[in-house]
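Structure record follows, encoded as structure tokens.
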Amino acid sequence: MIKDSEAPYILSRNKIYCNYCPGYCCYRLKGSTLYLDATDINRIARFFCITDGEARKKYIEGKNTIKVKKDGSCIFLSDKKMRARCSIHTARPLQCQQFPYEKPCPYLEREDLLSIIQPKVAKSLK
Ligand code: SF4
Ligand code: SF4
């Protein structure tokens with residue numbers, strides 16, 4: 001039986017919160033990096049029925065990360081939606097699939113991170 005005091009920790013570790021979260025981890029913050037490899041880029045390219053080169057040109061910044069919007073959110077994060085915001089969910093990079101790596105989600109457990117991202121989320125949902 002889960003005690004109330006333990007519930008947030010256990011739920012965030014089990015990714016259940018991801019289903020209801022506006023995608024805090026989809027915002028680029030100082031010190032956070034989303035790395036893609038060639039397989040990730042190929043998966044995205046196939047999702048859009050384009051070549052890897054076209055996908056790199058359209059969606060990739062530098063060699064290996066996804067471009068972001070002005071507010072730092074991933075270009076694939078849909079606005080006007082409170083949850084299930086990744087518009088390439090089935091083709092999202094491996095790092096997005098695996099985060100937070102069987103650990104408690106740091107975004108849900110750190111008020112300093114939430115205080116930066118929550119206003120951006122609220123603005124995008126207006
Ligand atoms: S990993 Fe954390 S921040 Fe990302 S969607 Fe899941 S609960 Fe939200
Ligand atoms: S690809 Fe999807 S899950 Fe990954 S950062 Fe972008 S919006 Fe978030």
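How things are named: the first chain in the structure tokens is A, the next is B, and so on; residues count from 1 in each chain; ligands count from 1 in the order shown.
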
Proximity of segment 59-115 of chain A to segment 25-36 of chain A: per-residue shortest pair, 6 Å limit, only C-alpha atoms, as CSV:
```
residue,atom,partner,partner_atom,distance
A:Asn64,CA,A:Leu36,CA,5.0
A:Thr65,CA,A:Tyr35,CA,5.2
A:Gly72,CA,A:Arg28,CA,5.1
A:Ser73,CA,A:Tyr27,CA,4.1
A:Cys74,CA,A:Cys26,CA,5.7
```

Set the cut-off to 10 Å, count only C-alpha atoms and all ligand atoms, and list whatever residues fall near ligand 2 as a short mmCIF file (atom, residue, chain, number, x, y, z; two decimals) with C-alpha atoms, in the first residue's frame.
```cif
data_model
loop_
_atom_site.label_atom_id
_atom_site.label_comp_id
_atom_site.auth_asym_id
_atom_site.auth_seq_id
_atom_site.Cartn_x
_atom_site.Cartn_y
_atom_site.Cartn_z
CA CYS A 18 4.09 11.96 -17.97
CA PRO A 22 2.50 19.60 -19.94
CA GLY A 23 6.03 18.50 -20.87
CA TYR A 24 8.27 20.40 -18.52
CA CYS A 25 11.23 18.39 -19.81
CA CYS A 26 10.53 19.64 -23.35
CA TYR A 27 11.85 23.12 -22.50
CA ARG A 28 15.54 23.84 -22.92
CA THR A 33 20.58 19.17 -23.42
CA LEU A 34 18.61 16.88 -25.69
CA TYR A 35 20.98 14.72 -27.72
CA LEU A 36 19.89 12.93 -30.88
CA ASP A 40 16.71 9.36 -33.85
CA ILE A 44 11.91 11.60 -37.33
CA THR A 65 19.72 18.59 -30.99
CA ILE A 66 16.20 19.65 -31.95
CA LYS A 67 15.56 23.31 -32.66
CA VAL A 68 13.61 25.23 -30.04
CA SER A 73 10.35 24.80 -25.97
CA CYS A 74 11.03 22.04 -28.47
CA ILE A 75 9.63 22.84 -31.92
CA PHE A 76 7.60 19.62 -31.69
CA LEU A 77 5.82 20.66 -28.51
CA SER A 78 2.24 21.58 -29.39
CA ALA A 84 0.13 14.79 -24.67
CA ARG A 85 1.88 17.74 -26.28
CA CYS A 86 4.61 15.97 -28.25
CA SER A 87 3.52 16.12 -31.89
CA ILE A 88 5.99 13.39 -32.89
CA HIS A 89 5.30 11.15 -29.92
CA THR A 90 5.74 7.83 -31.74
CA ALA A 91 8.97 9.06 -33.34
CA ARG A 92 10.41 11.01 -30.42
CA PRO A 93 14.14 10.64 -29.68
CA LEU A 94 15.33 7.83 -27.45
CA GLN A 95 16.35 10.31 -24.76
CA CYS A 96 12.78 11.62 -24.64
CA GLN A 97 11.48 8.05 -24.38
CA GLN A 98 13.81 7.11 -21.56
CA PHE A 99 13.88 10.27 -19.45
#
```

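Minimum distance to Cys21 of chain A across A:Arg110, A:Arg83, A:Lys123, A:Arg43 (counting only C-alpha atoms) occurs at A:Arg83.
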
Check segment 7-119 of chain A with DSSP on the backbone and list each residue it calls alpha helix (DSSP H), as a PyMOL selection string. chain A and resi 7-13+38-47+52-59+94-98+106-109+111-119

Could you check the closest approach to ligand 1 for each of A:Ala45, A:Cys105, A:Ile116, A:Ile60 and tell me which residue wins, using only C-alpha atoms and all ligand atoms?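 Nearest candidate to ligand 1 out of A:Ala45, A:Cys105, A:Ile116, A:Ile60: A:Cys105.
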